[in-house]
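J.: Below are the structure tokens for one structure; questions will follow.
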Amino acid sequence: MAAEMEPPTLGDAGQTDFREIEDGEGFFVSTVTTIESPEPSSSDPPSMPAEGISTNGPKQEDISLDDDPEDLFAEATEEVSLDSPEREPILSDGPSPAITPVTPTAMLTPRMGLGTAEMFERALDEIEEDDSGDTFDMHIAVSDPEKVGDGMNAYMGYKVTTKTSMTIFSKNETTVRRRFSDFLGLHSKLASKYLHIGYIVPPAPEKSIVGMTKVKVGKEDLSSAEFVEKRRSALERYLMRTVKHPILLKDPDVMMFLESSELPRAVSTQALSGAGILRMVNKAADAVNKMTIKMNESDAWFEEKHQQFENLDLQLRKLHASVECLVCHRKELSVNTASFAKSAAMLGNSEDHTALSRALSQLAEVEEKIDQLHQDQAYADFYLFSELLGDYVRLITAVKGVFDHRMKTWSKWQDTQLLLQKKREAESKLQFANKPDKLQQAQDEIKELEGKVQQGEKDFELISKTIRKEVSRFEKERVKDFKVVIIQYLESLVQTQQQLIKYWEAFLPEAKAIA
Amino acid sequence: MMEEAREGSLSVSAQTIRVTEAVRDGDALTFIVISQKLSGSGEYHVARTHEDFQWLQQCLFSQEVVPGILGVIFPPLPAKPQLNAPTKVLKQLGFLAMGEDWRMYCMALETYLQQVAAHTTLSKNKCLENFLTSSEPPGRQRVRKGIFNRLSQAMEGMRKEGHKDVDDFFQTERDNNLTLTGCSKSATERFIDVVLTEQKLAVACGHFSTALHLCVEQEEDSAVLAFSKICVKLSEVIDSIKRNFESVAENNLSTLGLGLDLESRCQEAEKMDELKVAAEKEFDHVSGVAKQEIARFHSTRVELLRQALILWCEKQLETARDTSFRYSEHLQAFKGLGE
């Protein structure tokens, strides 16, 4: 059975397609046919890797594809490979992430009603464009936070507006309402689908009990308004980061989040749901594994990068702390300036000498205006820098997570190899014990394990390759992100200064006019 | 060897008096006072301590009681500067304790000397001449009692009884003075807070800039290199911001800060004067002089504050323009980065 090696098989009718793909042409055609058969095939084994491959055949063919001089196709191959034959139920609350890696839903779901060939090409285009230019054209805005309900069951609803000219979306502009747990739900789904195969999934904004309680209780003060604004901005950045990722953009969960008017309540984000408990179990298992896995790193690149990210983590945290300090002082300056403005006004009022009095009152006004400027600048400092740095500290956690998954994948592969070895030893013993049944069984098991080992190695290579690409993408995005924010900040600085100059220029004649 | 304080005229030009620096001498500060001869033939360099200034002040107080001297508003002398003083003491000095190397304090002393030298009556005091010109430190001999004791007695009496002034003019002046003293003190303190915060911001910027330098990696990878470049450029921007804060704080200190401080102390001085006047028996004569003094006082005060405000505004404007230019440069540099 040629079927289940990764690249071409998108459906259960794998065999024929595979052979066609061997030709190197008709690649798209074959996959078109495959995909149009929308067998959910959830009854099938959940993922390909789990199945045994008996021959070496597919492997060879696979290699030939990989060696295809047209790099483009080879990459496309891998992209396609992620599109498993089976479609997860859209809400992907299905097979738990703990047991088997959940391969992501076909990114080309027919429900979009477009020719899948087009989509494939577009997928390839995306991959190309990812490196060369920016034809990504999409803008998401999160706005209009509105409190829904009362008391402790209240929540904040946000309006999510998507504007795009990309044709994978059914409309140019869509508006939906979402609540915070919806965003968390989206992230949870994406994480369960993509993290373990090496994709850096942007983390969602953090829950905040204190912040939300204030909002629920109805405290209408400056700090809760700030909290809501901070959250709104964070949600917007989260969505933009998610859709900037060419793979995640095409995920049906993402598209559903952005387009569908009703979204089933994401209960799996709550702590005590089935999925929640599973998550806790996973986390514990992960922690233990991390301590026990000692990986023989054969690839220096990973070693270096891992170290680099550790360093970056520390540096960003330091920067974040510095900026927070800056923000704090800035706010203090604003308070003090306002205070001074008031006392200058009082001084002006008590002053008999008219011209001096007027000048002092003007002084008070100037100071008040400067105070306003300081407040605006504090806003800029905060939302631009501090949040950016915070985002990146969290992103790096995701990056480190991906590196950890690679370690786990390696470990699994090694474990399977060990098991295979044991079975082989057992088999050779059985050769001499005259038990044909057991011998056959052992041989069958060995065949199965051999397949698993091969799959394990493949998985490891795949995740390594994916991570390399992802890291490269991450670093480019990082440069872009920072540059954009810094330019925005500088522009605000320049503006503030210009305004300040105007104020001083206006005040000078007043000062001179004191007779 | 000093002559008795008598009529005489100052041989130096009042406006040229400078207190150029403060030299640390163990636990004490010595101030260098430079003034230009009226004859234009050179200048006087003398070194004085705060004790010497106090001596001068006492000399002025203890002048022979000439008609009208009691109405004079004596220019206020800044309180004694203490090195290694506890924060509370320094806080009392307010603005004068700030600024590097006691620069603010020197400027306050300078203003004091200029005011004394410009005063029609006080400038004639021989002590001033000696103070400014004699290479030897003025004697620390005990000063004559003179009016000084009478003043303190009178003031004590006033404080205890809280006299109401016989003359409406003076009463109004006192009331105004009271309000203004309060207001200007409060304004000065608020302004100090502003300057201190600006200085804190400058320091915080410095830390941020340093933290950015820590992010620079010597990597071959182009994306990592690009990020390092960004960090370096950003730290330059933050340095500019830091310098801006430092300039702004400096400007605040040296112009308006000083002006406000002087204003406060002048108000205090006026208050003392009014107390004297109210207590004095030679009221009629004194009140004439006092009214003149008060008028003069006000016009000087207004002029001083005006100058301070103008200077402040001009300096801040200059700083703002300079900074704006630098920020624009940074912006251009950033936009062109890594194209």
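Naming scheme: A, B, ... for chains in displayed order of the structure tokens; residues 1 onward per chain; ligands 1 onward as shown.
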Write out as a PyMOL selection string the residues lying within 10 Å of Gln115 in chain B, counting only C-alpha atoms and excluding same-chain residues fewer than 2 positions away.
T.: chain B and resi 14-15+74-76+109-113+117-120+122-123+300
J.: Distance table requested - chain B against chain A, cut-off 8 Å, only C-alpha atoms: one row per qualifying residue with the closest atom pair and its distance in Å to one decimal, ordered by chain and rising residue number, as a Markdown table.
T.:
```
| residue | atom | partner | partner_atom | distance |
| --- | --- | --- | --- | --- |
| B:Asn176 | CA | A:Ser350 | CA | 7.4 |
| B:Thr179 | CA | A:Ser350 | CA | 6.8 |
| B:Leu180 | CA | A:Ser350 | CA | 6.3 |
| B:Cys183 | CA | A:Leu347 | CA | 5.2 |
| B:Ser184 | CA | A:Leu347 | CA | 6.3 |
| B:Ser186 | CA | A:Ser343 | CA | 6.5 |
| B:Ala187 | CA | A:Ser343 | CA | 5.0 |
| B:Arg190 | CA | A:Phe340 | CA | 4.9 |
| B:Phe191 | CA | A:Phe340 | CA | 5.8 |
| B:Asp193 | CA | A:Asn336 | CA | 6.3 |
| B:Val194 | CA | A:Asn336 | CA | 5.4 |
| B:Thr197 | CA | A:Leu333 | CA | 5.7 |
| B:Glu198 | CA | A:Leu333 | CA | 6.9 |
| B:Lys200 | CA | A:His329 | CA | 7.1 |
| B:Leu201 | CA | A:His329 | CA | 5.9 |
| B:Ala204 | CA | A:Leu326 | CA | 5.8 |
| B:Cys205 | CA | A:Leu326 | CA | 6.9 |
| B:His207 | CA | A:Ser322 | CA | 6.6 |
| B:Phe208 | CA | A:Ser322 | CA | 5.2 |
| B:Ala211 | CA | A:Leu319 | CA | 5.8 |
| B:Leu212 | CA | A:Leu319 | CA | 6.8 |
| B:Leu214 | CA | A:Gln315 | CA | 6.8 |
| B:Cys215 | CA | A:Gln315 | CA | 5.9 |
| B:Ala223 | CA | A:Lys476 | CA | 5.6 |
| B:Val224 | CA | A:Glu475 | CA | 6.9 |
| B:Ala226 | CA | A:Val479 | CA | 6.6 |
| B:Phe227 | CA | A:Val479 | CA | 5.4 |
| B:Ile230 | CA | A:Lys483 | CA | 7.1 |
| B:Leu234 | CA | A:Ile486 | CA | 7.6 |
| B:Val302 | CA | A:Leu356 | CA | 7.0 |
| B:Glu303 | CA | A:Ala515 | CA | 7.9 |
| B:Arg306 | CA | A:Ala511 | CA | 6.3 |
| B:Leu309 | CA | A:Ala511 | CA | 6.0 |
| B:Ile310 | CA | A:Ala511 | CA | 5.4 |
| B:Cys313 | CA | A:Leu508 | CA | 6.0 |
| B:Glu314 | CA | A:Leu508 | CA | 7.1 |
| B:Gln316 | CA | A:Trp504 | CA | 7.3 |
| B:Leu317 | CA | A:Trp504 | CA | 5.7 |
| B:Ala320 | CA | A:Ile501 | CA | 5.9 |
| B:Arg321 | CA | A:Ile501 | CA | 6.6 |
| B:Thr323 | CA | A:Gln497 | CA | 7.3 |
| B:Ser324 | CA | A:Gln497 | CA | 5.4 |
| B:Tyr327 | CA | A:Val494 | CA | 5.8 |
| B:Ser328 | CA | A:Val494 | CA | 6.2 |
| B:His330 | CA | A:Leu490 | CA | 7.6 |
| B:Leu331 | CA | A:Leu490 | CA | 5.8 |
| B:Phe334 | CA | A:Ile487 | CA | 6.7 |
| B:Lys335 | CA | A:Ile487 | CA | 7.0 |
```
J.: Could you name the residues that touch range 407-410 of chain A at 7 Å or less, counting only C-alpha atoms, but leaving out those on the same chain fewer than 6 positions away, as a VMD selection string?
T.: chain A and resid 295 459 to 460
J.: If you run DSSP on the backbone, which residues of range 176-230 of chain A are helix (DSSP H, G or I), as a ChimeraX atom specification?
T.: /A:180-197,209-217,222-230
J.: Between CA of Glu367 in chain A and CA of Leu196 in chain B, measure the distance and give it in Å to one decimal.
T.: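 Computing the Euclidean distance for CA of Glu367 in chain A and CA of Leu196 in chain B yields 16.0 Å.
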J.: When you look at Arg24 in chain B with a cut-off of 12 Å (counting only C-alpha atoms), what residues show up, excluding the ones that are within fewer than 2 positions of it in the same chain? I need them as a ChimeraX atom specification.
T.: /B:21-22,26-32,47-49,81-84,101-102
J.: Which distance in Å separates CA of Gln421 in chain A and CA of Asn296 in chain A, to one decimal?
T.: 18.9 Å
J.: Any idea what's packed within 8 Å of Ser240 in chain B, counting only C-alpha atoms, ignoring anything in its chain fewer than 2 positions away? Could you give it as a VMD selection string?
T.: chain B and resid 236 to 238 242 to 244 323 326 to 327
J.: Could you check how far CA of Ser264 in chain B sits from CA of Arg301 in chain B, in Å to one decimal?
T.: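 Value for the CA of Ser264 in chain B-CA of Arg301 in chain B distance: 10.2 Å.
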J.: Here is a test: counting only C-alpha atoms, which residue of A:Lys214, A:Ser428, A:Asp150, A:Asp253 is nearest to Ser188 in chain A?
T.: A:Asp253
J.: Within 6 Å of Ala308 in chain B, counting only C-alpha atoms, which residues qualify if same-chain residues fewer than 4 places away don't, as an MDAnalysis selection string?
T.: chainID B and resid 255:256 259 312
J.: Output all heavy atoms of each residue in that selection to a file, as a short mmCIF file (atom, residue, chain, number, x, y, z; two decimals), in the first residue's frame.
T.:
```
data_model
loop_
_atom_site.label_atom_id
_atom_site.label_comp_id
_atom_site.auth_asym_id
_atom_site.auth_seq_id
_atom_site.Cartn_x
_atom_site.Cartn_y
_atom_site.Cartn_z
N THR B 255 16.51 79.30 35.49
CA THR B 255 15.78 80.52 35.18
C THR B 255 14.58 80.67 36.10
O THR B 255 14.65 81.33 37.12
CB THR B 255 15.31 80.51 33.72
OG1 THR B 255 14.52 79.36 33.49
CG2 THR B 255 16.50 80.51 32.78
N LEU B 256 13.51 80.00 35.77
CA LEU B 256 12.30 80.19 36.55
C LEU B 256 12.47 79.71 37.98
O LEU B 256 11.98 80.33 38.93
CB LEU B 256 11.13 79.46 35.88
CG LEU B 256 9.77 79.82 36.47
CD1 LEU B 256 9.54 81.31 36.43
CD2 LEU B 256 8.67 79.09 35.73
N GLY B 259 14.20 82.25 39.82
CA GLY B 259 13.31 83.41 39.92
C GLY B 259 12.27 83.21 41.00
O GLY B 259 12.02 84.08 41.83
N TRP B 312 13.59 81.91 30.84
CA TRP B 312 13.08 80.54 30.90
C TRP B 312 12.45 80.16 29.58
O TRP B 312 12.77 79.13 28.98
CB TRP B 312 12.06 80.47 32.04
CG TRP B 312 11.37 79.19 32.24
CD1 TRP B 312 11.93 77.98 32.52
CD2 TRP B 312 9.97 78.96 32.22
NE1 TRP B 312 10.97 77.03 32.69
CE2 TRP B 312 9.75 77.61 32.52
CE3 TRP B 312 8.85 79.79 32.01
CZ2 TRP B 312 8.47 77.05 32.60
CZ3 TRP B 312 7.59 79.23 32.09
CH2 TRP B 312 7.41 77.87 32.38
#
```
J.: Need the shell around Pro145 in chain A: protein/DNA/RNA residues with any atom at most 8 Å away, counting only C-alpha atoms. Skip same-chain ones fewer than 2 positions apart. Format as a ChimeraX atom specification?
T.: /A:143,147,156-159,228,232
J.: Atoms to include: N, CA and C atoms. Write the selected residues as an mmCIF file, in the first residue's frame.
T.:
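Final file, out12.cif:
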```cif
data_model
loop_
_atom_site.group_PDB
_atom_site.id
_atom_site.type_symbol
_atom_site.label_atom_id
_atom_site.label_comp_id
_atom_site.auth_asym_id
_atom_site.auth_seq_id
_atom_site.Cartn_x
_atom_site.Cartn_y
_atom_site.Cartn_z
ATOM 1 N N SER A 143 -12.870 46.743 18.129
ATOM 2 C CA SER A 143 -13.336 48.040 18.628
ATOM 3 C C SER A 143 -14.603 47.891 19.455
ATOM 4 N N LYS A 147 -20.036 46.379 27.566
ATOM 5 C CA LYS A 147 -20.305 45.432 28.651
ATOM 6 C C LYS A 147 -21.653 44.768 28.403
ATOM 7 N N MET A 156 -17.273 41.407 28.540
ATOM 8 C CA MET A 156 -17.033 42.480 27.597
ATOM 9 C C MET A 156 -17.135 41.934 26.188
ATOM 10 N N GLY A 157 -17.976 42.556 25.388
ATOM 11 C CA GLY A 157 -18.066 42.121 23.993
ATOM 12 C C GLY A 157 -17.280 43.084 23.124
ATOM 13 N N TYR A 158 -16.623 42.554 22.127
ATOM 14 C CA TYR A 158 -15.834 43.410 21.227
ATOM 15 C C TYR A 158 -16.311 43.223 19.799
ATOM 16 N N LYS A 159 -16.188 44.289 19.053
ATOM 17 C CA LYS A 159 -16.540 44.187 17.637
ATOM 18 C C LYS A 159 -15.270 43.874 16.865
ATOM 19 N N VAL A 228 -9.549 48.135 29.834
ATOM 20 C CA VAL A 228 -10.335 47.711 28.670
ATOM 21 C C VAL A 228 -9.614 48.098 27.389
ATOM 22 N N ARG A 232 -8.304 45.625 24.524
ATOM 23 C CA ARG A 232 -8.787 45.771 23.148
ATOM 24 C C ARG A 232 -7.607 45.806 22.195
#
```
